[in-house]
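**Student:** File follows, upload.txt with compact mmCIF, C-alpha atoms:
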```
# COMPACT_ATOMS: atom_id res chain seq x y z
CA MET A 486 -19.78 17.84 -0.58
CA MET A 487 -16.85 15.94 -2.02
CA ALA A 488 -14.79 13.28 -0.25
CA PRO A 489 -12.11 12.96 1.14
CA PHE A 490 -13.35 15.64 3.53
CA TYR A 491 -10.00 16.30 5.24
CA GLU A 492 -8.30 16.76 1.88
CA PHE A 493 -10.87 19.38 0.93
CA GLY A 494 -10.35 21.29 4.17
CA ARG A 495 -13.62 20.23 5.80
CA LEU A 496 -11.98 18.82 8.91
CA GLY A 497 -9.54 20.52 11.28
CA GLU A 498 -6.42 19.00 12.85
CA GLY A 499 -8.10 18.31 16.19
CA THR A 500 -11.03 16.58 14.49
CA SER A 501 -8.67 14.50 12.38
CA LEU A 502 -6.89 13.25 15.51
CA LEU A 503 -10.22 12.38 17.14
CA ILE A 504 -11.16 10.46 13.98
CA ALA A 505 -7.84 8.57 14.30
CA VAL A 506 -8.79 7.36 17.78
CA LEU A 507 -12.37 6.44 16.81
CA LEU A 508 -11.36 4.56 13.64
CA GLY A 509 -8.62 2.85 15.65
CA ILE A 510 -11.15 1.67 18.24
CA ALA A 511 -13.34 0.16 15.52
CA PHE A 512 -10.29 -1.39 13.81
CA GLY A 513 -9.13 -2.99 17.08
CA TRP A 514 -12.67 -4.17 17.84
CA PHE A 515 -13.01 -6.06 14.56
CA LEU A 516 -9.47 -7.47 14.72
CA GLU A 517 -10.29 -8.95 18.13
CA GLN A 518 -13.71 -10.16 17.00
CA GLY A 519 -12.12 -11.95 14.06
CA GLY A 520 -9.81 -13.81 16.45
CA ILE A 521 -6.53 -12.76 14.91
CA GLY A 522 -5.34 -11.05 18.09
CA ASN A 523 -4.71 -14.63 19.20
CA ALA A 524 -1.39 -15.99 17.86
CA ARG A 525 -2.48 -19.62 18.08
CA LYS A 526 -5.50 -18.95 15.90
CA LEU A 527 -3.65 -16.63 13.53
CA SER A 528 -0.76 -19.06 12.99
CA GLY A 529 -3.21 -21.67 11.67
CA GLN A 530 -2.96 -19.65 8.46
CA PHE A 531 0.58 -20.93 7.93
CA TYR A 532 -0.39 -24.59 8.38
CA PHE A 533 -3.64 -24.49 6.36
CA THR A 534 -5.77 -25.33 9.41
CA ASP A 535 -7.41 -21.93 10.05
CA LEU A 536 -7.38 -19.40 7.22
CA SER A 537 -9.00 -16.54 9.13
CA VAL A 538 -6.18 -14.15 8.16
CA LEU A 539 -6.76 -14.64 4.45
CA LYS A 540 -10.56 -14.44 4.78
CA LEU A 541 -10.46 -11.35 6.97
CA MET A 542 -7.83 -9.54 4.91
CA PHE A 543 -9.46 -10.17 1.56
CA SER A 544 -12.96 -9.34 2.87
CA ALA A 545 -11.61 -6.03 4.15
CA ILE A 546 -9.77 -5.26 0.90
CA LEU A 547 -12.84 -6.14 -1.22
CA THR A 548 -15.16 -4.00 0.91
CA ALA A 549 -12.95 -0.91 0.88
CA MET A 550 -11.93 -1.36 -2.78
CA LEU A 551 -15.53 -1.68 -4.00
CA GLY A 552 -16.58 1.24 -1.78
CA LEU A 553 -13.89 3.47 -3.29
CA PHE A 554 -14.78 2.31 -6.79
CA TRP A 555 -18.51 3.03 -6.45
CA LEU A 556 -18.08 6.33 -4.59
CA SER A 557 -15.72 7.63 -7.27
CA TRP A 558 -17.97 6.30 -10.04
CA ALA A 559 -20.91 8.16 -8.46
CA GLY A 560 -18.83 11.33 -8.35
CA LEU A 561 -18.88 11.54 -4.55
CA LEU A 562 -15.17 10.96 -4.02
CA ASP A 563 -12.10 12.33 -5.78
CA LEU A 564 -9.88 9.26 -6.10
CA SER A 565 -6.83 11.37 -6.97
CA ARG A 566 -6.92 12.79 -3.42
CA VAL A 567 -6.82 9.35 -1.78
CA TYR A 568 -3.37 8.27 -0.63
CA VAL A 569 -1.87 5.35 -2.55
CA PRO A 570 1.19 3.73 -0.90
CA GLU A 571 4.24 4.39 -3.09
CA THR A 572 5.98 1.58 -4.91
CA PHE A 573 9.66 0.69 -4.38
CA ILE A 574 9.83 -2.63 -6.21
CA VAL A 575 12.98 -4.36 -4.85
CA PRO A 576 12.86 -3.02 -1.25
CA GLN A 577 9.22 -4.09 -1.00
CA LEU A 578 9.93 -7.59 -2.31
CA VAL A 579 12.90 -8.03 0.05
CA GLY A 580 11.12 -6.31 2.95
CA GLY A 581 8.07 -8.48 2.33
CA LEU A 582 10.14 -11.68 2.53
CA VAL A 583 11.82 -10.58 5.78
CA PHE A 584 8.45 -9.48 7.16
CA GLY A 585 6.87 -12.81 6.22
CA VAL A 586 9.55 -14.83 8.00
CA GLY A 587 8.97 -12.66 11.08
CA PHE A 588 5.20 -13.08 10.69
CA ALA A 589 5.46 -16.89 10.83
CA THR A 590 8.01 -16.74 13.67
CA GLY A 591 6.07 -14.27 15.80
CA GLY A 592 2.56 -15.49 14.97
CA LEU A 593 1.14 -11.96 14.98
CA CYS A 594 1.51 -8.88 12.78
CA PRO A 595 2.21 -5.35 14.08
CA GLY A 596 -1.49 -4.40 14.27
CA THR A 597 -2.72 -7.64 15.80
CA SER A 598 0.16 -7.62 18.33
CA CYS A 599 -1.40 -4.48 19.83
CA VAL A 600 -4.71 -6.33 20.22
CA ALA A 601 -2.92 -9.36 21.68
CA ALA A 602 -1.07 -7.17 24.21
CA ALA A 603 -4.25 -5.25 25.09
CA THR A 604 -6.06 -8.50 25.87
CA GLY A 605 -3.32 -9.77 28.20
CA ARG A 606 -1.25 -11.91 25.86
CA LYS A 607 2.38 -11.72 26.94
CA ASP A 608 3.55 -12.87 23.51
CA GLY A 609 1.89 -9.75 22.08
CA ILE A 610 3.92 -7.56 24.44
CA ALA A 611 7.14 -9.40 23.50
CA LEU A 612 6.33 -8.92 19.81
CA ILE A 613 5.78 -5.18 20.27
CA ALA A 614 9.16 -4.94 22.04
CA GLY A 615 10.72 -6.80 19.10
CA MET A 616 9.05 -4.46 16.59
CA LEU A 617 10.45 -1.41 18.39
CA ALA A 618 13.90 -3.04 18.42
CA GLY A 619 13.65 -3.87 14.72
CA VAL A 620 12.62 -0.32 13.79
CA PHE A 621 15.54 1.01 15.88
CA VAL A 622 17.98 -1.35 14.13
CA PHE A 623 16.64 -0.21 10.76
CA GLY A 624 16.89 3.44 11.79
CA GLU A 625 20.49 3.09 12.93
CA ALA A 626 21.38 1.20 9.76
CA PHE A 627 19.60 3.71 7.53
CA PRO A 628 22.71 5.78 6.65
CA ALA A 629 24.19 2.57 5.20
CA ILE A 630 21.11 1.00 3.60
CA GLY A 631 19.00 4.07 2.81
CA GLY A 632 20.15 4.04 -0.80
CA PHE A 633 18.83 0.52 -1.26
CA ALA A 634 15.59 1.33 0.63
CA ASP A 635 14.91 4.22 -1.75
CA SER A 636 15.80 2.30 -4.93
CA THR A 637 13.50 1.20 -7.79
CA ALA A 638 11.00 3.94 -6.89
CA ARG A 639 7.88 4.03 -9.07
CA GLY A 640 5.79 6.58 -7.17
CA ALA A 641 2.08 6.05 -6.50
CA LEU A 642 1.80 3.42 -9.22
CA THR A 643 -1.46 1.45 -9.37
CA LEU A 644 -2.22 -1.94 -10.91
CA PRO A 645 -4.51 -0.45 -13.60
CA GLN A 646 -1.69 1.90 -14.70
CA ALA A 647 1.00 -0.78 -14.60
CA LEU A 648 -1.08 -3.37 -16.46
CA GLY A 649 -2.68 -0.94 -18.91
CA LEU A 650 -6.16 -2.10 -17.88
CA SER A 651 -9.19 -0.09 -16.81
CA TYR A 652 -9.84 0.49 -13.11
CA GLY A 653 -13.08 -1.49 -13.29
CA THR A 654 -11.39 -4.46 -14.95
CA VAL A 655 -8.75 -4.73 -12.24
CA VAL A 656 -11.41 -4.39 -9.52
CA GLY A 657 -13.31 -7.24 -11.18
CA VAL A 658 -10.20 -9.42 -11.36
CA VAL A 659 -9.40 -8.82 -7.67
CA VAL A 660 -12.98 -9.75 -6.72
CA ALA A 661 -12.75 -12.95 -8.78
CA VAL A 662 -9.35 -13.88 -7.28
CA ALA A 663 -10.63 -13.22 -3.75
CA LEU A 664 -13.77 -15.33 -4.26
CA GLY A 665 -11.56 -18.14 -5.57
CA ALA A 666 -9.29 -17.75 -2.53
CA PHE A 667 -12.32 -17.94 -0.19
CA ALA A 668 -13.45 -21.17 -1.83
CA GLY A 669 -9.93 -22.56 -1.57
CA ALA A 670 -9.70 -21.55 2.09
CA GLU A 671 -12.98 -23.31 2.93
CA TRP A 672 -11.80 -26.43 1.14
CA LEU A 673 -8.45 -26.43 2.99
CA GLU A 674 -10.14 -26.01 6.36
CA ARG A 675 -12.55 -28.87 5.67
CA ARG A 676 -9.60 -31.03 4.68
CA ALA A 677 -7.69 -30.13 7.87
CA GLU A 678 -10.70 -31.05 10.03
CA ARG A 679 -11.00 -34.53 8.54
CA PRO A 680 -9.22 -37.18 10.55
CA ALA A 681 -6.12 -38.58 8.91
CA ARG A 682 -7.19 -41.04 6.25
CA PRO A 683 -6.48 -44.65 7.23
CA MET A 684 -4.29 -46.78 5.02
CA LYS A 685 -6.08 -48.67 2.32
CA VAL A 686 -8.04 -51.41 4.02
CA VAL A 687 -7.80 -54.75 2.30
CA ALA A 688 -10.84 -56.80 3.15
CA MET B 1397 -1.08 -32.35 10.48
CA SER B 1398 -4.47 -31.95 12.02
CA ASN B 1399 -3.31 -31.65 15.61
CA VAL B 1400 -1.93 -28.14 15.31
CA ALA B 1401 -3.59 -26.09 18.02
CA THR B 1402 -6.02 -23.56 16.66
CA GLY B 1403 -8.99 -21.57 17.56
CA VAL B 1404 -10.78 -21.20 20.79
CA PRO B 1405 -8.89 -18.86 23.12
CA GLY B 1406 -7.61 -20.10 26.41
CA GLN B 1407 -8.98 -23.57 25.88
CA ALA B 1408 -5.96 -25.20 27.47
CA LEU B 1409 -4.23 -22.19 28.94
CA GLY B 1410 -7.09 -20.06 30.12
CA ALA B 1411 -9.52 -22.65 31.41
CA ALA B 1412 -7.83 -22.85 34.79
CA ALA B 1413 -7.05 -19.19 34.91
CA THR B 1414 -9.93 -16.99 35.87
CA SER B 1415 -7.38 -14.25 36.31
CA ARG B 1416 -7.69 -11.41 38.78
CA ALA B 1417 -8.40 -8.91 36.05
CA ASP B 1418 -11.08 -11.19 34.73
CA ALA B 1419 -12.74 -11.70 38.09
CA ALA B 1420 -12.74 -7.97 38.76
CA THR B 1421 -14.34 -7.11 35.45
CA THR B 1422 -16.85 -9.90 35.78
CA THR B 1423 -18.43 -8.34 38.82
CA ARG B 1424 -18.24 -4.76 37.67
CA LEU B 1425 -19.11 -4.92 33.99
CA ARG B 1426 -21.10 -8.15 34.07
CA VAL B 1427 -18.71 -9.54 31.54
CA ARG B 1428 -19.18 -13.11 30.40
CA ARG B 1429 -17.01 -15.50 32.34
CA GLU B 1430 -16.75 -18.04 29.58
CA ALA B 1431 -15.04 -16.97 26.39
CA ALA B 1432 -17.47 -16.35 23.55
CA PRO B 1433 -16.52 -17.89 20.21
CA TYR B 1434 -14.89 -15.57 17.71
CA ALA B 1435 -16.96 -13.91 15.01
CA SER B 1436 -16.86 -15.02 11.40
CA PRO B 1437 -13.62 -13.75 9.82
CA TYR B 1438 -15.66 -12.66 6.78
CA LEU B 1439 -17.88 -10.44 8.95
CA ALA B 1440 -14.91 -9.04 10.89
CA GLY B 1441 -13.19 -8.40 7.56
CA VAL B 1442 -16.18 -6.52 6.15
CA GLY B 1443 -16.22 -4.47 9.38
CA ILE B 1444 -12.55 -3.57 8.91
CA GLY B 1445 -13.25 -2.81 5.25
CA VAL B 1446 -15.95 -0.31 6.27
CA VAL B 1447 -13.53 1.29 8.78
CA LEU B 1448 -10.89 1.50 6.05
CA LEU B 1449 -13.39 3.02 3.62
CA LEU B 1450 -14.39 5.57 6.27
CA ALA B 1451 -10.70 6.49 6.67
CA PHE B 1452 -10.49 7.07 2.89
CA VAL B 1453 -13.71 9.11 2.80
CA LEU B 1454 -13.00 11.22 5.89
CA MET B 1455 -9.22 11.58 5.73
CA GLY B 1456 -8.08 10.54 2.27
CA ARG B 1457 -5.70 8.09 3.91
CA GLY B 1458 -5.89 4.49 5.07
CA LEU B 1459 -5.15 2.53 8.21
CA GLY B 1460 -1.68 1.56 9.40
CA ALA B 1461 0.31 0.10 12.27
CA SER B 1462 4.06 -0.03 11.72
CA GLY B 1463 4.21 3.74 11.12
CA ALA B 1464 3.13 4.27 14.73
CA PHE B 1465 6.06 2.17 15.93
CA SER B 1466 8.38 4.34 13.79
CA SER B 1467 7.03 7.54 15.36
CA VAL B 1468 7.56 6.15 18.85
CA VAL B 1469 11.14 5.04 18.09
CA ALA B 1470 11.99 8.30 16.30
CA SER B 1471 10.63 10.33 19.23
CA ALA B 1472 12.56 8.25 21.76
CA VAL B 1473 15.82 8.58 19.81
CA SER B 1474 15.22 12.30 19.36
CA THR B 1475 14.66 12.73 23.10
CA ALA B 1476 17.79 10.75 24.00
CA ALA B 1477 20.07 12.11 21.27
CA PRO B 1478 18.50 15.08 19.42
CA SER B 1479 21.34 15.80 17.02
CA HIS B 1480 21.78 12.12 16.19
CA ALA B 1481 18.08 11.84 15.27
CA ALA B 1482 18.06 15.09 13.31
CA GLY B 1483 21.03 13.92 11.22
CA ASN B 1484 19.28 10.66 10.26
CA ALA B 1485 16.98 10.88 7.26
CA PHE B 1486 14.83 7.97 8.49
CA TYR B 1487 14.09 9.43 11.93
CA ALA B 1488 13.66 12.90 10.43
CA ARG B 1489 10.85 11.51 8.25
CA TYR B 1490 8.82 10.79 11.41
CA LEU B 1491 9.75 13.93 13.32
CA SER B 1492 8.71 16.63 10.84
CA ASP B 1493 5.11 17.23 11.88
CA GLY B 1494 4.71 15.85 15.38
CA GLY B 1495 7.92 17.31 16.81
CA THR B 1496 9.01 15.12 19.70
CA SER B 1497 5.48 14.35 20.83
CA PRO B 1498 4.16 11.16 19.23
CA LEU B 1499 0.73 12.03 20.66
CA ARG B 1500 0.14 14.42 17.79
CA ASP B 1501 0.76 11.71 15.25
CA TRP B 1502 -2.32 10.33 13.43
CA LEU B 1503 -1.14 6.71 13.35
CA VAL B 1504 -0.05 6.70 17.00
CA LEU B 1505 -3.53 7.86 18.01
CA GLU B 1506 -5.09 5.29 15.71
CA ILE B 1507 -3.03 2.54 17.41
CA ILE B 1508 -4.06 3.80 20.86
CA GLY B 1509 -7.61 3.36 19.56
CA VAL B 1510 -6.78 -0.19 18.41
CA VAL B 1511 -5.65 -1.04 21.96
CA ILE B 1512 -8.86 0.40 23.44
CA GLY B 1513 -11.11 -1.28 20.87
CA GLY B 1514 -9.38 -4.65 21.12
CA LEU B 1515 -9.61 -4.60 24.91
CA ALA B 1516 -13.27 -3.56 24.89
CA SER B 1517 -14.20 -6.32 22.47
CA ALA B 1518 -12.31 -8.97 24.45
CA LEU B 1519 -13.76 -7.79 27.78
CA LEU B 1520 -17.33 -8.01 26.52
CA ALA B 1521 -16.65 -11.45 25.04
CA GLY B 1522 -14.84 -12.77 28.12
CA ARG B 1523 -11.62 -13.27 26.18
CA VAL B 1524 -9.14 -11.29 28.29
CA ARG B 1525 -6.45 -13.62 29.64
CA TRP B 1526 -3.06 -12.87 31.22
CA THR B 1527 -1.30 -15.68 29.43
CA THR B 1528 1.11 -16.66 26.69
CA GLU B 1529 -0.41 -18.14 23.53
CA ARG B 1530 1.77 -21.03 22.38
CA GLY B 1531 1.79 -24.65 21.27
CA ALA B 1532 2.04 -27.35 23.94
CA ALA B 1533 5.49 -28.51 22.84
CA ILE B 1534 7.38 -25.33 23.77
CA THR B 1535 7.85 -23.29 26.95
CA ASP B 1536 6.45 -19.80 27.59
CA ARG B 1537 10.00 -18.51 27.51
CA ARG B 1538 10.65 -20.02 24.06
CA ARG B 1539 7.41 -18.52 22.77
CA LEU B 1540 8.30 -15.07 24.09
CA VAL B 1541 11.74 -15.28 22.45
CA ASN B 1542 10.09 -16.31 19.16
CA ALA B 1543 7.66 -13.39 19.43
CA PHE B 1544 10.49 -10.93 20.09
CA VAL B 1545 12.65 -12.28 17.24
CA GLY B 1546 9.67 -12.35 14.86
CA GLY B 1547 8.81 -8.80 15.88
CA THR B 1548 12.36 -7.64 15.21
CA ALA B 1549 12.31 -9.19 11.72
CA MET B 1550 8.91 -7.59 11.03
CA GLY B 1551 10.19 -4.22 12.25
CA ILE B 1552 13.11 -4.36 9.81
CA GLY B 1553 11.04 -5.80 6.95
CA ALA B 1554 8.21 -3.32 7.41
CA LYS B 1555 10.56 -0.34 7.39
CA LEU B 1556 12.37 -1.60 4.30
CA ALA B 1557 9.01 -2.06 2.56
CA ARG B 1558 7.51 1.13 4.08
CA GLY B 1559 4.55 -0.57 5.63
CA CYS B 1560 3.10 -3.76 7.07
CA THR B 1561 -0.01 -5.89 6.74
CA SER B 1562 -2.14 -2.82 7.61
CA GLY B 1563 -0.57 0.10 5.76
CA LEU B 1564 0.47 -1.88 2.70
CA GLY B 1565 -1.73 -4.98 2.99
CA LEU B 1566 -5.09 -3.33 3.65
CA THR B 1567 -4.65 0.30 2.56
CA GLY B 1568 -2.46 -0.46 -0.46
CA GLY B 1569 -4.45 -3.58 -1.29
CA ALA B 1570 -7.70 -1.61 -1.51
CA THR B 1571 -6.12 1.27 -3.49
CA LEU B 1572 -4.50 -1.25 -5.87
CA SER B 1573 -0.94 -0.06 -5.21
CA VAL B 1574 1.57 -2.16 -7.18
CA GLY B 1575 4.17 -2.15 -4.39
CA SER B 1576 1.57 -3.20 -1.83
CA TRP B 1577 0.50 -6.24 -3.81
CA LEU B 1578 4.17 -7.18 -4.36
CA PHE B 1579 4.67 -6.86 -0.59
CA ILE B 1580 1.62 -9.03 0.22
CA ILE B 1581 2.80 -11.78 -2.12
CA ALA B 1582 6.40 -11.63 -0.84
CA ALA B 1583 5.24 -11.67 2.79
CA PHE B 1584 3.17 -14.83 2.31
CA VAL B 1585 6.02 -16.47 0.38
CA GLY B 1586 8.39 -15.65 3.27
CA ALA B 1587 5.91 -16.88 5.86
CA TYR B 1588 5.18 -20.17 4.09
CA ALA B 1589 8.91 -20.74 3.52
CA ALA B 1590 9.64 -20.32 7.24
CA ALA B 1591 6.52 -22.05 8.63
CA PRO B 1592 7.66 -25.70 8.24
CA LEU B 1593 10.72 -24.94 10.41
CA LEU B 1594 8.47 -23.52 13.12
CA ARG B 1595 5.75 -26.14 13.14
CA ARG B 1596 6.84 -27.46 16.56
CA ALA B 1597 6.15 -24.08 18.17
CA TRP B 1598 2.40 -24.36 17.51
CA ARG B 1599 1.80 -28.07 17.92
```
Please re-express this file's structure in C-alpha cells.
**Tutor:**
Amino acid sequence: MMAPFYEFGRLGEGTSLLIAVLLGIAFGWFLEQGGIGNARKLSGQFYFTDLSVLKLMFSAILTAMLGLFWLSWAGLLDLSRVYVPETFIVPQLVGGLVFGVGFATGGLCPGTSCVAAATGRKDGIALIAGMLAGVFVFGEAFPAIGGFADSTARGALTLPQALGLSYGTVVGVVVAVALGAFAGAEWLERRAERPARPMKVVA
Amino acid sequence: MSNVATGVPGQALGAAATSRADAATTTRLRVRREAAPYASPYLAGVGIGVVLLLAFVLMGRGLGASGAFSSVVASAVSTAAPSHAAGNAFYARYLSDGGTSPLRDWLVLEIIGVVIGGLASALLAGRVRWTTERGAAITDRRRLVNAFVGGTAMGIGAKLARGCTSGLGLTGGATLSVGSWLFIIAAFVGAYAAAPLLRRAWR
C-alpha cells in the first residue's frame, strides 16, 4: 500500500477529520512539553538566553524531512502526492518580516498561542484575538492588496529544483546546517548562563 | 543580559497561585501540584517531527495553524455579511469546501486537537496557571496589549505569506519549499530586528 493514504483514496472524509483531531492532540502535547506554549520561555529565543524554539523547530523539520526522504527512497511513499507550500517570493519575504516583528512583540506564534490559551495564559488569549483581528484586516484589504499577495508566484518550487541539486544533497546540507545551529544554540545558552565577566582585575 | 526571565513556568507568577482550576484538578485527576520541568526541546521537536511525518503519510499534507484562524474569520464574515464574503476572493478561498461551518475544516479540527493536547499535557505536568506571562518590568495590561498587537501583525504577515511557523515553517521546511525557507529566514530577521526594542517587556 502506497502513502499518502488519503491521496490514494484509502481514507474517507470522516476518517480524515478524526485524524486531524488526533494529530492535533499530539502536536499540542509536544508543543506544551517543549515549553514553547509559555511566552517567557519562548521569547528567550530572541535574546539568546533560551533557544528552545530553534532546537524544537529544527529537530521537527529534520525528523519529518528524513522520514519523507527514506520512505520515498524505499518506494513506500509517492513524494509527488505530498503537498508542498507554494512559493510567492516577495509576499513571503515581506510577510515573513511583518510576522517576525509580531512574533517578537507577542512572544508566541499562532500555534503556540493556542497552547498558551489552553493552559490558562491570558496573553495567549489576547494573541489569538489579535490574530483574528489581523486576518480580518487582511481579508478586508484583500481587494486592494491581493495583486501584490499573488505576485512573484513560483508554484510548488523546492530547493533541489531551484538550486539544481539532487534531493539527497539538499537533505544532507539541511542536516549539516541544523547540527551546526544546535551546536551554536548550546554555546549561546552556556554563554548566557555565565555570570557577567568582571572587569580585568589588576593585582 | 543574563537577567532576562526565562524558563520555569509560574516561578514568580504561579508560585502563590494554586488557582481554583488547579486545586480542582489536583483532587480529581491526581495531578502534580508542583510544575514539572519542561521536556528537552530536542525530544519535543522529534515528537512533532513524527506527528508531521504521520500527517504526510496519512493525509499527504502537513500541519498548520494560521489557516484555521482564516477559516474562522471567513465563516464569521460570511455569517454576518454573506454577499460581502462571497465577493471577496480571500474569504472565498476558505469557504469553498466547508461552507459556513468551520467544523468541517481539517485545520480547524487539528487546532481543536492542539488545544486538547496542550491542556492535557499541562494538566498532567501541573503547569496549568490562570495568569499572564510577562517580564517583571511591565504590567499585565501592557503585556496583553503587546500580545494583541503582535497577534495582529502575525495575522497580517501570515496571510500575506500564506502560512505561519507551522504551515510554512514546519510543513514547508520539511518538504524543502523555497518560499517556506525564505519565510523562515525573513521571520527571524524581523524578530531579531524588533527584539532589542522590546527587551524591557521580558526583563
**Student:** Point out the residue among B:Pro1498, B:Gly1458, B:Gly1445, B:Pro1433 with the least atom-to-atom distance to chain A, counting only C-alpha atoms.
**Tutor:** B:Gly1445
**Student:** Show me, as a list in words, the residues that have an atom within 10 Å of Gln530 in chain A when counting only C-alpha atoms, minus same-chain residues fewer than 5 positions from it.
**Tutor:**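 Those residues are Arg525, Asp535, Leu536, Ser537, Val538, Leu539, Lys540, Ala589, Gly592, Ala670 and Glu674 of chain A; Thr1402, Phe1584, Ala1587, Tyr1588 and Ala1591 of chain B.
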**Student:** Of the candidates A:Phe515, A:Phe633, A:Trp672, A:Phe554, which one gets nearest to chain B if we count only C-alpha atoms?
**Tutor:** A:Phe515
**Student:** Residues within 6 Å of Gly587 in chain A, please, as a ChimeraX atom specification. Count all atoms listed in the file; anything in the same chain fewer than 2 positions from it doesn't count.
**Tutor:** /A:584-585,589-591 /B:1546,1549-1550
**Student:** Please tabulate, as CSV, the residues of range 541-646 of chain A that come within 12 Å of range 1562-1582 of chain B, each with its closest pair of atoms and the distance in Å to one decimal, counting only C-alpha atoms and ordering rows by chain, then residue number upward.
**Tutor:**
```
residue,atom,partner,partner_atom,distance
A:Leu541,CA,B:Leu1566,CA,10.2
A:Met542,CA,B:Leu1566,CA,6.9
A:Phe543,CA,B:Leu1566,CA,8.4
A:Ser544,CA,B:Leu1566,CA,9.9
A:Ala545,CA,B:Leu1566,CA,7.1
A:Ile546,CA,B:Ala1570,CA,4.8
A:Leu547,CA,B:Ala1570,CA,6.9
A:Thr548,CA,B:Ala1570,CA,8.2
A:Ala549,CA,B:Ala1570,CA,5.8
A:Met550,CA,B:Ala1570,CA,4.4
A:Leu551,CA,B:Ala1570,CA,8.2
A:Gly552,CA,B:Ala1570,CA,9.3
A:Leu553,CA,B:Thr1571,CA,8.1
A:Phe554,CA,B:Thr1571,CA,9.3
A:Leu564,CA,B:Thr1571,CA,9.2
A:Ser565,CA,B:Thr1571,CA,10.7
A:Arg566,CA,B:Thr1571,CA,11.5
A:Val567,CA,B:Thr1571,CA,8.3
A:Tyr568,CA,B:Thr1571,CA,8.0
A:Val569,CA,B:Thr1571,CA,6.0
A:Pro570,CA,B:Gly1568,CA,5.6
A:Glu571,CA,B:Gly1575,CA,6.7
A:Thr572,CA,B:Gly1575,CA,4.2
A:Phe573,CA,B:Gly1575,CA,6.2
A:Ile574,CA,B:Gly1575,CA,6.0
A:Val575,CA,B:Gly1575,CA,9.1
A:Pro576,CA,B:Phe1579,CA,9.1
A:Gln577,CA,B:Phe1579,CA,5.3
A:Leu578,CA,B:Ala1582,CA,5.6
A:Val579,CA,B:Ala1582,CA,7.5
A:Gly580,CA,B:Phe1579,CA,7.4
A:Gly581,CA,B:Phe1579,CA,4.8
A:Leu582,CA,B:Ala1582,CA,5.0
A:Val583,CA,B:Ala1582,CA,8.6
A:Phe584,CA,B:Ala1582,CA,8.5
A:Gly585,CA,B:Ala1582,CA,7.2
A:Val586,CA,B:Ala1582,CA,9.9
A:Phe588,CA,B:Ala1582,CA,11.7
A:Cys594,CA,B:Ser1562,CA,8.8
A:Pro595,CA,B:Ser1562,CA,8.2
A:Gly596,CA,B:Ser1562,CA,6.9
A:Thr597,CA,B:Ser1562,CA,9.5
A:Ser598,CA,B:Ser1562,CA,12.0
A:Thr637,CA,B:Gly1575,CA,10.5
A:Ala638,CA,B:Gly1575,CA,9.5
A:Arg639,CA,B:Gly1575,CA,8.6
A:Gly640,CA,B:Gly1575,CA,9.3
A:Ala641,CA,B:Ser1573,CA,6.9
A:Leu642,CA,B:Val1574,CA,5.9
A:Thr643,CA,B:Ser1573,CA,4.5
A:Leu644,CA,B:Val1574,CA,5.3
A:Pro645,CA,B:Leu1572,CA,7.8
A:Gln646,CA,B:Val1574,CA,9.1
```
**Student:** Please put the answer as JSON: centre and edge lengths, in Å with one decimal, of a box along x, y and z that encloses all listed atoms of range 1583-1586 of chain B plus 5 Å on each side.
**Tutor:**
```
{"center_x": 5.8, "center_y": -14.1, "center_z": 1.8, "size_x": 15.2, "size_y": 14.8, "size_z": 12.9}
```
**Student:** From the set B:Ser1497, B:Thr1548, B:Asn1542, B:Thr1535, which residue has the shortest atom-to-atom contact distance to Ala524 in chain A, counting only C-alpha atoms?
**Tutor:**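 Nearest candidate to Ala524 in chain A out of B:Ser1497, B:Thr1548, B:Asn1542, B:Thr1535: B:Asn1542.
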